[in-house]
$ cat structure32.cif   # mmCIF, C-alpha atoms (C1' of nucleotides)
data_my_file
loop_
_atom_site.group_PDB
_atom_site.id
_atom_site.type_symbol
_atom_site.label_atom_id
_atom_site.label_comp_id
_atom_site.auth_asym_id
_atom_site.auth_seq_id
_atom_site.Cartn_x
_atom_site.Cartn_y
_atom_site.Cartn_z
ATOM 1 C CA MET A 19 0.000 0.000 0.000
ATOM 2 C CA LYS A 20 1.102 3.564 -0.562
ATOM 3 C CA ILE A 21 1.980 6.029 2.129
ATOM 4 C CA GLY A 22 -1.338 7.855 2.065
ATOM 5 C CA GLU A 23 -3.266 4.735 2.840
ATOM 6 C CA LEU A 24 -0.949 3.710 5.635
ATOM 7 C CA SER A 25 -1.403 7.172 7.039
ATOM 8 C CA LYS A 26 -5.185 6.844 7.024
ATOM 9 C CA ARG A 27 -5.095 3.403 8.549
ATOM 10 C CA THR A 28 -2.800 4.371 11.380
ATOM 11 C CA GLY A 29 -3.644 7.986 11.959
ATOM 12 C CA VAL A 30 0.032 8.872 11.670
ATOM 13 C CA SER A 31 0.708 11.731 9.283
ATOM 14 C CA VAL A 32 2.481 11.142 5.997
ATOM 15 C CA ARG A 33 5.173 13.458 7.217
ATOM 16 C CA MET A 34 5.803 11.323 10.264
ATOM 17 C CA LEU A 35 5.795 8.065 8.333
ATOM 18 C CA ARG A 36 8.593 9.431 6.212
ATOM 19 C CA TYR A 37 10.307 10.546 9.368
ATOM 20 C CA TYR A 38 10.046 7.055 10.839
ATOM 21 C CA GLU A 39 11.830 5.835 7.770
ATOM 22 C CA ALA A 40 14.535 8.473 8.057
ATOM 23 C CA GLU A 41 15.094 7.289 11.618
ATOM 24 C CA GLY A 42 15.379 3.696 10.472
ATOM 25 C CA LEU A 43 12.085 2.426 11.859
ATOM 26 C CA LEU A 44 10.493 1.545 8.544
ATOM 27 C CA LYS A 45 12.023 0.314 5.314
ATOM 28 C CA PRO A 46 9.269 0.057 2.696
ATOM 29 C CA GLU A 47 9.773 -1.337 -0.779
ATOM 30 C CA ARG A 48 9.755 1.073 -3.663
ATOM 31 C CA THR A 49 7.739 0.888 -6.855
ATOM 32 C CA GLU A 50 9.470 1.467 -10.182
ATOM 33 C CA SER A 51 8.555 5.096 -10.037
ATOM 34 C CA GLY A 52 9.917 5.502 -6.544
ATOM 35 C CA TYR A 53 6.729 5.387 -4.510
ATOM 36 C CA ARG A 54 6.932 3.794 -1.077
ATOM 37 C CA ASP A 55 5.139 0.462 -1.029
ATOM 38 C CA TYR A 56 4.265 -0.794 2.438
ATOM 39 C CA ASP A 57 3.419 -4.322 3.424
ATOM 40 C CA LEU A 58 0.077 -4.666 5.133
ATOM 41 C CA LYS A 59 1.665 -5.906 8.337
ATOM 42 C CA GLU A 60 3.458 -2.609 8.794
ATOM 43 C CA VAL A 61 0.155 -1.211 9.993
ATOM 44 C CA ARG A 62 0.716 -3.111 13.185
ATOM 45 C CA THR A 63 4.313 -1.985 13.414
ATOM 46 C CA VAL A 64 3.321 1.641 13.060
ATOM 47 C CA GLU A 65 0.622 1.304 15.677
ATOM 48 C CA ARG A 66 3.097 -0.108 18.117
ATOM 49 C CA ILE A 67 5.588 2.632 17.421
ATOM 50 C CA LYS A 68 2.813 5.124 17.937
ATOM 51 C CA LEU A 69 1.877 3.596 21.237
ATOM 52 C CA LEU A 70 5.433 3.506 22.516
ATOM 53 C CA GLY A 71 5.852 7.084 21.442
ATOM 54 C CA ALA A 72 2.757 7.920 23.465
ATOM 55 C CA GLY A 73 4.642 6.365 26.365
ATOM 56 C CA GLY A 74 7.251 9.072 25.998
ATOM 57 C CA MET A 75 9.865 7.104 24.120
ATOM 58 C CA THR A 76 11.926 8.805 21.461
ATOM 59 C CA LEU A 77 12.201 7.125 18.077
ATOM 60 C CA PRO A 78 15.893 6.268 18.499
ATOM 61 C CA THR A 79 14.991 4.504 21.731
ATOM 62 C CA ILE A 80 12.261 2.533 20.021
ATOM 63 C CA LEU A 81 14.671 1.688 17.257
ATOM 64 C CA GLN A 82 16.878 -0.116 19.755
ATOM 65 C CA PHE A 83 14.465 -2.990 20.061
ATOM 66 C CA LEU A 84 12.631 -2.626 16.819
ATOM 67 C CA SER A 85 13.076 -6.307 16.091
ATOM 68 C CA CYS A 86 10.790 -7.091 19.013
ATOM 69 C CA VAL A 87 8.211 -4.604 17.858
ATOM 70 C CA ARG A 88 8.204 -5.956 14.325
ATOM 71 C CA GLY A 89 7.280 -9.408 15.556
ATOM 72 C CA GLU A 90 4.289 -11.154 14.016
ATOM 73 C CA GLY A 91 2.845 -12.230 17.321
ATOM 74 C CA PRO A 92 -0.228 -10.711 18.909
ATOM 75 C CA ILE A 93 1.862 -8.674 21.320
ATOM 76 C CA PHE A 94 5.630 -8.641 21.541
ATOM 77 C CA GLU A 95 8.149 -11.383 21.396
ATOM 78 C CA PRO A 96 9.600 -11.846 24.837
ATOM 79 C CA CYS A 97 12.702 -9.776 24.382
ATOM 80 C CA ASP A 98 15.210 -8.999 27.073
ATOM 81 C CA GLU A 99 16.329 -5.825 25.423
ATOM 82 C CA LEU A 100 12.804 -4.523 25.297
ATOM 83 C CA ARG A 101 12.278 -5.352 28.948
ATOM 84 C CA VAL A 102 15.408 -3.491 29.964
ATOM 85 C CA THR A 103 14.533 -0.461 27.895
ATOM 86 C CA LEU A 104 11.023 -0.387 29.235
ATOM 87 C CA ARG A 105 12.314 -0.339 32.786
ATOM 88 C CA GLN A 106 14.755 2.454 32.022
ATOM 89 C CA GLN A 107 11.991 4.362 30.353
ATOM 90 C CA ILE A 108 9.684 3.978 33.296
ATOM 91 C CA ARG A 109 12.466 5.172 35.540
ATOM 92 C CA LEU A 110 12.872 8.180 33.302
ATOM 93 C CA VAL A 111 9.190 8.989 33.486
ATOM 94 C CA GLU A 112 9.349 8.745 37.238
ATOM 95 C CA GLU A 113 12.231 11.169 37.367
ATOM 96 C CA LYS A 114 10.359 13.656 35.251
ATOM 97 C CA THR A 115 7.379 13.270 37.524
ATOM 98 C CA GLU A 116 9.504 13.999 40.548
ATOM 99 C CA LYS A 117 10.872 17.095 38.939
ATOM 100 C CA LEU A 118 7.382 18.304 38.139
ATOM 101 C CA ALA A 119 6.434 17.753 41.751
ATOM 102 C CA GLN A 120 9.324 19.987 42.751
ATOM 103 C CA ASN A 121 8.231 22.602 40.245
ATOM 104 C CA ARG A 122 4.763 22.530 41.674
ATOM 105 C CA GLN A 123 6.221 22.941 45.110
ATOM 106 C CA VAL A 124 8.200 26.003 44.095
ATOM 107 C CA LEU A 125 5.179 27.610 42.518
ATOM 108 C CA THR A 126 2.788 26.914 45.366
ATOM 109 C CA SER A 127 5.234 28.260 47.892
ATOM 110 C CA PHE A 128 5.336 31.487 45.926
ATOM 111 C CA LEU A 129 1.581 31.602 45.920
ATOM 112 C CA THR A 130 1.597 31.133 49.656
ATOM 113 C CA GLU A 131 4.125 33.877 50.179
ATOM 114 C CA ILE A 132 2.059 36.490 48.421
ATOM 115 C CA GLY A 133 -1.172 35.320 49.982
ATOM 116 C CA GLU A 134 -3.488 32.803 48.435
ATOM 117 C CA ASN A 135 -6.609 34.934 48.242
ATOM 118 C CA MET B 20 29.310 44.938 38.700
ATOM 119 C CA LYS B 21 30.251 43.254 35.450
ATOM 120 C CA ILE B 22 28.570 40.223 33.993
ATOM 121 C CA GLY B 23 31.167 37.723 35.154
ATOM 122 C CA GLU B 24 30.723 38.685 38.757
ATOM 123 C CA LEU B 25 26.951 38.545 38.539
ATOM 124 C CA SER B 26 27.340 35.117 37.041
ATOM 125 C CA LYS B 27 29.466 33.926 39.936
ATOM 126 C CA ARG B 28 27.154 35.392 42.517
ATOM 127 C CA THR B 29 24.041 33.838 41.056
ATOM 128 C CA GLY B 30 25.308 30.664 39.504
ATOM 129 C CA VAL B 31 23.679 31.626 36.222
ATOM 130 C CA SER B 32 25.984 31.379 33.235
ATOM 131 C CA VAL B 33 27.163 34.482 31.439
ATOM 132 C CA ARG B 34 25.445 33.167 28.363
ATOM 133 C CA MET B 35 22.130 32.965 30.128
ATOM 134 C CA LEU B 36 22.447 36.414 31.676
ATOM 135 C CA ARG B 37 22.824 37.828 28.218
ATOM 136 C CA TYR B 38 19.873 35.742 27.159
ATOM 137 C CA TYR B 39 17.783 37.139 29.994
ATOM 138 C CA GLU B 40 18.563 40.545 28.644
ATOM 139 C CA ALA B 41 17.656 39.565 25.109
ATOM 140 C CA GLU B 42 14.302 38.396 26.448
ATOM 141 C CA GLY B 43 13.777 41.686 28.215
ATOM 142 C CA LEU B 44 14.261 40.460 31.761
ATOM 143 C CA LEU B 45 17.339 42.518 32.550
ATOM 144 C CA LYS B 46 18.416 45.944 31.333
ATOM 145 C CA PRO B 47 21.854 46.700 32.751
ATOM 146 C CA GLU B 48 23.626 50.014 32.318
ATOM 147 C CA ARG B 49 26.581 50.133 29.990
ATOM 148 C CA THR B 50 30.041 51.461 30.688
ATOM 149 C CA GLU B 51 31.655 53.791 28.180
ATOM 150 C CA SER B 52 33.336 50.863 26.566
ATOM 151 C CA GLY B 53 30.087 48.952 26.250
ATOM 152 C CA TYR B 54 30.430 46.538 29.155
ATOM 153 C CA ARG B 55 27.252 45.597 30.964
ATOM 154 C CA ASP B 56 27.166 47.188 34.400
ATOM 155 C CA TYR B 57 24.717 45.571 36.808
ATOM 156 C CA ASP B 58 23.308 47.082 39.940
ATOM 157 C CA LEU B 59 23.908 44.997 43.027
ATOM 158 C CA LYS B 60 20.198 44.471 43.596
ATOM 159 C CA GLU B 61 19.916 42.615 40.328
ATOM 160 C CA VAL B 62 21.446 39.654 42.113
ATOM 161 C CA ARG B 63 18.140 39.194 43.825
ATOM 162 C CA THR B 64 16.219 39.633 40.594
ATOM 163 C CA VAL B 65 18.286 36.982 38.880
ATOM 164 C CA GLU B 66 17.849 34.583 41.742
ATOM 165 C CA ARG B 67 14.109 34.982 41.567
ATOM 166 C CA ILE B 68 14.066 34.451 37.843
ATOM 167 C CA LYS B 69 16.171 31.378 38.369
ATOM 168 C CA LEU B 70 13.775 30.044 40.960
ATOM 169 C CA LEU B 71 10.716 30.648 38.831
ATOM 170 C CA GLY B 72 12.469 28.998 35.942
ATOM 171 C CA ALA B 73 13.067 26.028 38.198
ATOM 172 C CA GLY B 74 9.321 26.017 38.657
ATOM 173 C CA GLY B 75 8.981 25.339 34.973
ATOM 174 C CA MET B 76 8.137 28.832 33.813
ATOM 175 C CA THR B 77 9.451 30.066 30.507
ATOM 176 C CA LEU B 78 11.208 33.410 30.418
ATOM 177 C CA PRO B 79 8.427 35.125 28.454
ATOM 178 C CA THR B 80 6.000 33.998 31.125
ATOM 179 C CA ILE B 81 8.185 35.397 33.864
ATOM 180 C CA LEU B 82 8.513 38.598 31.893
ATOM 181 C CA GLN B 83 4.771 39.114 32.146
ATOM 182 C CA PHE B 84 4.977 40.015 35.790
ATOM 183 C CA LEU B 85 8.558 41.082 35.964
ATOM 184 C CA SER B 86 7.593 44.264 37.788
ATOM 185 C CA CYS B 87 6.540 42.107 40.739
ATOM 186 C CA VAL B 88 9.766 40.163 40.648
ATOM 187 C CA ARG B 89 11.899 43.282 40.527
ATOM 188 C CA GLY B 90 10.340 44.583 43.719
ATOM 189 C CA GLU B 91 12.608 45.649 46.536
ATOM 190 C CA GLY B 92 10.674 43.784 49.185
ATOM 191 C CA PRO B 93 11.893 40.606 50.862
ATOM 192 C CA ILE B 94 9.587 38.460 48.755
ATOM 193 C CA PHE B 95 7.193 39.683 46.120
ATOM 194 C CA GLU B 96 4.848 42.588 46.028
ATOM 195 C CA PRO B 97 1.313 41.331 46.261
ATOM 196 C CA CYS B 98 0.502 41.381 42.598
ATOM 197 C CA ASP B 99 -2.686 40.117 41.028
ATOM 198 C CA GLU B 100 -1.060 39.343 37.751
ATOM 199 C CA LEU B 101 1.562 37.222 39.435
ATOM 200 C CA ARG B 102 -1.085 35.346 41.364
ATOM 201 C CA VAL B 103 -3.026 34.566 38.217
ATOM 202 C CA THR B 104 0.038 33.429 36.326
ATOM 203 C CA LEU B 105 1.154 31.253 39.194
ATOM 204 C CA ARG B 106 -2.182 29.484 39.238
ATOM 205 C CA GLN B 107 -2.097 28.907 35.493
ATOM 206 C CA GLN B 108 1.406 27.616 35.797
ATOM 207 C CA ILE B 109 0.485 25.204 38.542
ATOM 208 C CA ARG B 110 -2.381 23.974 36.394
ATOM 209 C CA LEU B 111 0.065 23.444 33.568
ATOM 210 C CA VAL B 112 2.390 21.442 35.764
ATOM 211 C CA GLU B 113 -0.524 19.313 36.874
ATOM 212 C CA GLU B 114 -1.465 18.591 33.289
ATOM 213 C CA LYS B 115 2.061 17.535 32.469
ATOM 214 C CA THR B 116 2.055 15.299 35.501
ATOM 215 C CA GLU B 117 -1.145 13.643 34.356
ATOM 216 C CA LYS B 118 0.319 13.008 30.961
ATOM 217 C CA LEU B 119 3.395 11.437 32.494
ATOM 218 C CA ALA B 120 1.155 9.186 34.544
ATOM 219 C CA GLN B 121 -0.473 8.034 31.324
ATOM 220 C CA ASN B 122 2.914 7.416 29.765
ATOM 221 C CA ARG B 123 3.897 5.353 32.736
ATOM 222 C CA GLN B 124 0.710 3.402 32.392
ATOM 223 C CA VAL B 125 1.393 2.616 28.747
ATOM 224 C CA LEU B 126 4.900 1.451 29.516
ATOM 225 C CA THR B 127 3.995 -0.693 32.482
ATOM 226 C CA SER B 128 1.218 -2.386 30.567
ATOM 227 C CA PHE B 129 3.782 -3.355 27.956
ATOM 228 C CA LEU B 130 6.010 -4.732 30.620
ATOM 229 C CA THR B 131 3.131 -6.766 31.954
ATOM 230 C CA GLU B 132 2.292 -8.137 28.541
ATOM 231 C CA ILE B 133 5.742 -9.547 27.947
ATOM 232 C CA GLY B 134 6.071 -10.868 31.474
ATOM 233 C CA GLU B 135 7.616 -8.935 34.308
ATOM 234 C CA ASN B 136 10.404 -11.350 35.138
ATOM 235 C "C1'" DT C 11 54.473 47.469 27.053
ATOM 236 C "C1'" DT C 12 52.825 43.102 26.969
ATOM 237 C "C1'" DA C 13 50.096 39.238 27.907
ATOM 238 C "C1'" DA C 14 46.334 37.139 30.126
ATOM 239 C "C1'" DG C 15 41.735 37.145 31.028
ATOM 240 C "C1'" DG C 16 37.226 39.393 30.706
ATOM 241 C "C1'" DT C 17 33.824 41.259 27.580
ATOM 242 C "C1'" DC C 18 31.420 42.380 23.255
ATOM 243 C "C1'" DT C 19 28.249 40.762 19.173
ATOM 244 C "C1'" DG C 20 26.509 37.424 16.170
ATOM 245 C "C1'" DA C 21 25.691 33.058 14.747
ATOM 246 C "C1'" DC C 22 25.608 27.893 14.569
ATOM 247 C "C1'" DA C 23 24.271 23.697 16.906
ATOM 248 C "C1'" DG C 24 21.387 20.473 19.320
ATOM 249 C "C1'" DC C 25 17.351 18.354 21.632
ATOM 250 C "C1'" DG C 26 12.664 15.562 19.175
ATOM 251 C "C1'" DC C 27 9.557 16.098 16.668
ATOM 252 C "C1'" DT C 28 5.927 18.226 13.275
ATOM 253 C "C1'" DG C 29 3.875 21.270 9.938
ATOM 254 C "C1'" DT C 30 4.390 23.339 5.569
ATOM 255 C "C1'" DC C 31 6.042 24.806 1.237
ATOM 256 C "C1'" DA C 32 8.352 24.392 -3.266
ATOM 257 C "C1'" DG C 33 9.194 22.182 -7.604
ATOM 258 C "C1'" DA C 34 8.684 18.043 -10.052
ATOM 259 C "C1'" DG C 35 7.197 13.555 -11.322
ATOM 260 C "C1'" DT C 36 3.230 9.842 -11.200
ATOM 261 C "C1'" DC C 37 -1.217 7.801 -11.351
ATOM 262 C "C1'" DA C 38 -6.023 7.246 -12.297
ATOM 263 C "C1'" DA C 39 -10.497 8.618 -13.896
ATOM 264 C "C1'" DG C 40 -13.151 11.049 -17.341
ATOM 265 C "C1'" DC D 7 -5.113 13.809 -23.323
ATOM 266 C "C1'" DT D 8 -6.167 16.503 -19.508
ATOM 267 C "C1'" DT D 9 -6.974 17.275 -14.837
ATOM 268 C "C1'" DG D 10 -6.862 16.533 -10.012
ATOM 269 C "C1'" DA D 11 -5.064 13.922 -6.387
ATOM 270 C "C1'" DC D 12 -1.089 11.732 -4.755
ATOM 271 C "C1'" DT D 13 3.853 11.091 -4.222
ATOM 272 C "C1'" DC D 14 8.741 12.324 -4.289
ATOM 273 C "C1'" DT D 15 12.897 15.036 -2.140
ATOM 274 C "C1'" DG D 16 14.830 18.673 0.330
ATOM 275 C "C1'" DA D 17 14.697 22.341 3.240
ATOM 276 C "C1'" DC D 18 12.907 25.974 6.503
ATOM 277 C "C1'" DA D 19 10.455 26.900 10.746
ATOM 278 C "C1'" DG D 20 9.348 26.618 15.605
ATOM 279 C "C1'" DC D 21 9.347 25.242 20.551
ATOM 280 C "C1'" DG D 22 12.965 27.043 24.981
ATOM 281 C "C1'" DC D 23 16.814 27.131 26.165
ATOM 282 C "C1'" DT D 24 22.166 26.392 26.422
ATOM 283 C "C1'" DG D 25 26.837 25.606 25.018
ATOM 284 C "C1'" DT D 26 30.441 27.080 22.085
ATOM 285 C "C1'" DC D 27 33.123 29.363 18.739
ATOM 286 C "C1'" DA D 28 34.951 33.323 16.078
ATOM 287 C "C1'" DG D 29 36.880 37.812 15.669
ATOM 288 C "C1'" DA D 30 37.621 41.962 18.057
ATOM 289 C "C1'" DC D 31 37.977 45.125 21.806
ATOM 290 C "C1'" DC D 32 38.818 46.321 26.928
ATOM 291 C "C1'" DT D 33 41.122 46.107 31.305
ATOM 292 C "C1'" DT D 34 44.411 45.096 34.651
ATOM 293 C "C1'" DA D 35 48.433 43.516 36.708
ATOM 294 C "C1'" DA D 36 53.261 42.341 36.150
#

$ encode --input "structure32.cif" --output "C-alpha cells"
Amino acid sequence: MKIGELSKRTGVSVRMLRYYEAEGLLKPERTESGYRDYDLKEVRTVERIKLLGAGGMTLPTILQFLSCVRGEGPIFEPCDELRVTLRQQIRLVEEKTEKLAQNRQVLTSFLTEIGEN
Amino acid sequence: MKIGELSKRTGVSVRMLRYYEAEGLLKPERTESGYRDYDLKEVRTVERIKLLGAGGMTLPTILQFLSCVRGEGPIFEPCDELRVTLRQQIRLVEEKTEKLAQNRQVLTSFLTEIGEN
DNA sequence: TTAAGGTCTGACAGCGCTGTCAGAGTCAAG
DNA sequence: CTTGACTCTGACAGCGCTGTCAGACCTTAA
C-alpha cells in the first residue's frame, strides 16, 4: 500500500511516516517510479511505534528494540532488550514526575508567600 | 558589577544572563566601553528568575509580571497578575504530571504483557 | 608594554519532533 | 489527453533554552 493509505489506517501523518523511515524504523519497498510500497503488516508496526511514542519514548529509543516490535505475534516477542529499555523508560518517566512535583512545590510556595486569596 | 561577577554570585551562566537581557528580563547600564554594568540588587532579581524557571516557567511567562519580581521587598509585592500566572502555571504542571502518569501506564502495561520477570 | 583574562556581538548547533512549502514527477479517472 | 489527487525530495520553521566558537575590543596587573 502507498503512504497515504498507511497514514489513514494508522492515523500517523504522511510526514511522520517518512520521518520514521529516516530514523530507520520503517524500510518500505519502492515501486518502479519511486513510490513507497508498504506491506500490510506494517500497519501493526506503526501502531506499536505510535503507542510507545505515546509512552514518551523517542524514536531512536524505540529503534533499539525494533526487532521485538516488528514481531508477528499478537503482542511482543519476549525480548530482554525490550524489557530493559522499558524499565529504564519507566524510571525516566518517574524522574520527570519527581521534577514536576518539585516545580509545583516552588510555585505553590510562591503563591503562599504572596497570599493565596 | 560586570557580567562575570553577577554570574558567579548567582550561579547563572554568562550566556544565560545575556539571554535574559535579550528576552527583556534585565536591562543593565553600559560602561563607556560597552560593558554591561549591573546594579547589586539585580542579584536578587536573577535569583528569583532562576527560581521561577526552576518552577517550569518560561522566560516570556516570567517577563509578564517582571515588575513584581523586581520589587525591593523581601519576597514579592502582592501582585494580582503574578497570582493569576502562578495558578495557570500550577495547572500546567498538573497537566504535564497527568500526561506522564499516562505514559507510565502505557509502559507498564507493555512490561506486563511480555512478562515482568 | 605586553600578555592574560574578561567582555562584546553574532551566529551555529542540538534536543525531538511536526507542519508546511516548493518544484517536479506519477497515477487514475473522465 | 487533460486534470486533479497523490507522491517524491529537500529544506525551513518553531518550541525554549544552552553551550560554544569566532573575531575583536577592553582592562588590569606584572

$ calpha_fit_and_write --input "structure32.cif" --fixed "chain B" --moving "chain A" --output "compact mmCIF listing (two decimals) with C-alpha atoms, in the frame of the given file"
# COMPACT_ATOMS: atom_id res chain seq x y z
CA MET A 19 29.21 45.12 38.66
CA LYS A 20 30.21 43.40 35.45
CA ILE A 21 28.59 40.33 34.02
CA GLY A 22 31.22 37.91 35.25
CA GLU A 23 30.71 38.89 38.83
CA LEU A 24 26.95 38.69 38.59
CA SER A 25 27.40 35.26 37.13
CA LYS A 26 29.52 34.12 40.06
CA ARG A 27 27.16 35.59 42.60
CA THR A 28 24.08 33.99 41.13
CA GLY A 29 25.41 30.81 39.62
CA VAL A 30 23.76 31.71 36.33
CA SER A 31 26.10 31.46 33.36
CA VAL A 32 27.25 34.56 31.52
CA ARG A 33 25.58 33.17 28.46
CA MET A 34 22.24 32.98 30.21
CA LEU A 35 22.52 36.44 31.73
CA ARG A 36 22.89 37.83 28.25
CA TYR A 37 19.97 35.71 27.20
CA TYR A 38 17.84 37.12 30.01
CA GLU A 39 18.60 40.52 28.62
CA ALA A 40 17.72 39.50 25.09
CA GLU A 41 14.38 38.30 26.43
CA GLY A 42 13.80 41.61 28.17
CA LEU A 43 14.28 40.43 31.75
CA LEU A 44 17.33 42.53 32.52
CA LYS A 45 18.36 45.95 31.28
CA PRO A 46 21.80 46.76 32.69
CA GLU A 47 23.55 50.08 32.23
CA ARG A 48 26.51 50.20 29.90
CA THR A 49 29.96 51.58 30.58
CA GLU A 50 31.56 53.88 28.02
CA SER A 51 33.26 50.95 26.43
CA GLY A 52 30.05 48.98 26.18
CA TYR A 53 30.41 46.64 29.12
CA ARG A 54 27.23 45.68 30.95
CA ASP A 55 27.09 47.31 34.37
CA TYR A 56 24.64 45.70 36.77
CA ASP A 57 23.19 47.22 39.89
CA LEU A 58 23.80 45.18 43.00
CA LYS A 59 20.09 44.62 43.54
CA GLU A 60 19.85 42.70 40.29
CA VAL A 61 21.41 39.79 42.13
CA ARG A 62 18.09 39.32 43.83
CA THR A 63 16.19 39.70 40.58
CA VAL A 64 18.30 37.05 38.91
CA GLU A 65 17.86 34.67 41.81
CA ARG A 66 14.13 35.03 41.60
CA ILE A 67 14.13 34.47 37.88
CA LYS A 68 16.25 31.41 38.45
CA LEU A 69 13.86 30.07 41.03
CA LEU A 70 10.81 30.63 38.88
CA GLY A 71 12.59 28.97 36.01
CA ALA A 72 13.23 26.01 38.29
CA GLY A 73 9.46 25.96 38.73
CA GLY A 74 9.13 25.26 35.03
CA MET A 75 8.28 28.74 33.85
CA THR A 76 9.59 29.97 30.54
CA LEU A 77 11.31 33.34 30.45
CA PRO A 78 8.53 35.01 28.44
CA THR A 79 6.09 33.89 31.12
CA ILE A 80 8.26 35.33 33.85
CA LEU A 81 8.57 38.51 31.87
CA GLN A 82 4.82 39.01 32.12
CA PHE A 83 5.01 39.93 35.76
CA LEU A 84 8.59 41.04 35.94
CA SER A 85 7.58 44.20 37.74
CA CYS A 86 6.52 42.10 40.71
CA VAL A 87 9.75 40.16 40.68
CA ARG A 88 11.86 43.29 40.54
CA GLY A 89 10.30 44.58 43.73
CA GLU A 90 12.58 45.67 46.56
CA GLY A 91 10.65 43.83 49.22
CA PRO A 92 11.83 40.68 50.92
CA ILE A 93 9.55 38.52 48.81
CA PHE A 94 7.18 39.72 46.13
CA GLU A 95 4.84 42.63 46.00
CA PRO A 96 1.32 41.33 46.22
CA CYS A 97 0.54 41.30 42.54
CA ASP A 98 -2.63 40.00 41.00
CA GLU A 99 -0.98 39.23 37.72
CA LEU A 100 1.64 37.13 39.41
CA ARG A 101 -1.00 35.24 41.34
CA VAL A 102 -2.94 34.45 38.19
CA THR A 103 0.14 33.32 36.33
CA LEU A 104 1.26 31.16 39.19
CA ARG A 105 -2.08 29.39 39.23
CA GLN A 106 -1.99 28.81 35.49
CA GLN A 107 1.52 27.53 35.81
CA ILE A 108 0.60 25.12 38.55
CA ARG A 109 -2.26 23.91 36.42
CA LEU A 110 0.18 23.36 33.59
CA VAL A 111 2.50 21.35 35.79
CA GLU A 112 -0.42 19.24 36.89
CA GLU A 113 -1.37 18.53 33.32
CA LYS A 114 2.15 17.44 32.50
CA THR A 115 2.11 15.21 35.54
CA GLU A 116 -1.09 13.59 34.40
CA LYS A 117 0.35 12.95 31.00
CA LEU A 118 3.41 11.34 32.53
CA ALA A 119 1.14 9.13 34.58
CA GLN A 120 -0.51 8.01 31.37
CA ASN A 121 2.87 7.36 29.80
CA ARG A 122 3.84 5.26 32.75
CA GLN A 123 0.62 3.36 32.41
CA VAL A 124 1.26 2.59 28.76
CA LEU A 125 4.75 1.37 29.48
CA THR A 126 3.84 -0.79 32.45
CA SER A 127 1.02 -2.41 30.55
CA PHE A 128 3.52 -3.39 27.88
CA LEU A 129 5.78 -4.82 30.52
CA THR A 130 2.88 -6.82 31.85
CA GLU A 131 1.96 -8.13 28.44
CA ILE A 132 5.37 -9.60 27.79
CA GLY A 133 5.73 -10.93 31.30
CA GLU A 134 7.35 -9.06 34.13
CA ASN A 135 10.07 -11.55 34.98

$ residues_around --input "structure32.cif" --residues "Arg109 in chain A" --least-positions-apart "6" --cutoff "12 Å" --atoms "all atoms listed in the file" --output "PyMOL selection string"
(chain A and resi 74-75+102-103+115-116) or (chain B and resi 119+122-123+126-127)

$ resolve_selection --input "structure32.cif" --expression "the PyMOL selection byres ((chain B) within 12 of (chain C))" --output "PyMOL selection string"
chain B and resi 21-24+33-34+37+49-50+52-56

$ interface_residues --input "structure32.cif" --of "chain B" --to "chain A" --cutoff "10 Å" --atoms "all atoms listed in the file" --output "ChimeraX atom specification"
/B:70-76,94-99,101-106,108-113,115-127,129-136

$ atom_distance --input "structure32.cif" --atom1 "CA of Lys46 in chain B" --atom2 "CA of Ser86 in chain B"
12.7 Å

$ interface_residues --input "structure32.cif" --of "chain D" --to "chain B" --cutoff "12 Å" --atoms "only C-alpha atoms (C1' of nucleotides)" --output "PyMOL selection string"
chain D and resi 21-26+31-33

$ closest_residue --input "structure32.cif" --among "A:Val61, A:Glu99, A:Leu81, A:Gln106" --to "Gly29 in chain A" --atoms "all atoms listed in the file"
A:Val61

$ resolve_selection --input "structure32.cif" --expression "the PyMOL selection byres ((chain A and resi 28) around 8)" --output "PDB file with C-alpha atoms, in the frame of the given file"
ATOM      1  CA  LEU A  24      -0.949   3.710   5.635  1.00  0.00           C
ATOM      2  CA  SER A  25      -1.403   7.172   7.039  1.00  0.00           C
ATOM      3  CA  LYS A  26      -5.185   6.844   7.024  1.00  0.00           C
ATOM      4  CA  ARG A  27      -5.095   3.403   8.549  1.00  0.00           C
ATOM      5  CA  GLY A  29      -3.644   7.986  11.959  1.00  0.00           C
ATOM      6  CA  VAL A  30       0.032   8.872  11.670  1.00  0.00           C
ATOM      7  CA  VAL A  61       0.155  -1.211   9.993  1.00  0.00           C
ATOM      8  CA  VAL A  64       3.321   1.641  13.060  1.00  0.00           C
ATOM      9  CA  GLU A  65       0.622   1.304  15.677  1.00  0.00           C
TER      10      GLU A  65
END

$ atom_distance --input "structure32.cif" --atom1 "CA of Glu113 in chain A" --atom2 "CA of Lys69 in chain B"
20.6 Å

$ axis_aligned_box --input "structure32.cif" --around "range 15-33 of chain D" --padding-each-side "4 Å" --output "AutoDock Vina command-line options"
--center_x 25.2 --center_y 30.7 --center_z 14.6 --size_x 39.8 --size_y 39.3 --size_z 41.4

$ atom_distance --input "structure32.cif" --atom1 "CA of Asp57 in chain A" --atom2 "CA of Ala40 in chain A"
17.6 Å

$ residues_around --input "structure32.cif" --residues "Leu45 in chain B" --least-positions-apart "5" --cutoff "9 Å" --atoms "all atoms listed in the file" --output "list in words"
Leu36, Arg37, Tyr39, Glu40, Glu61, Thr64 and Val65 of chain B
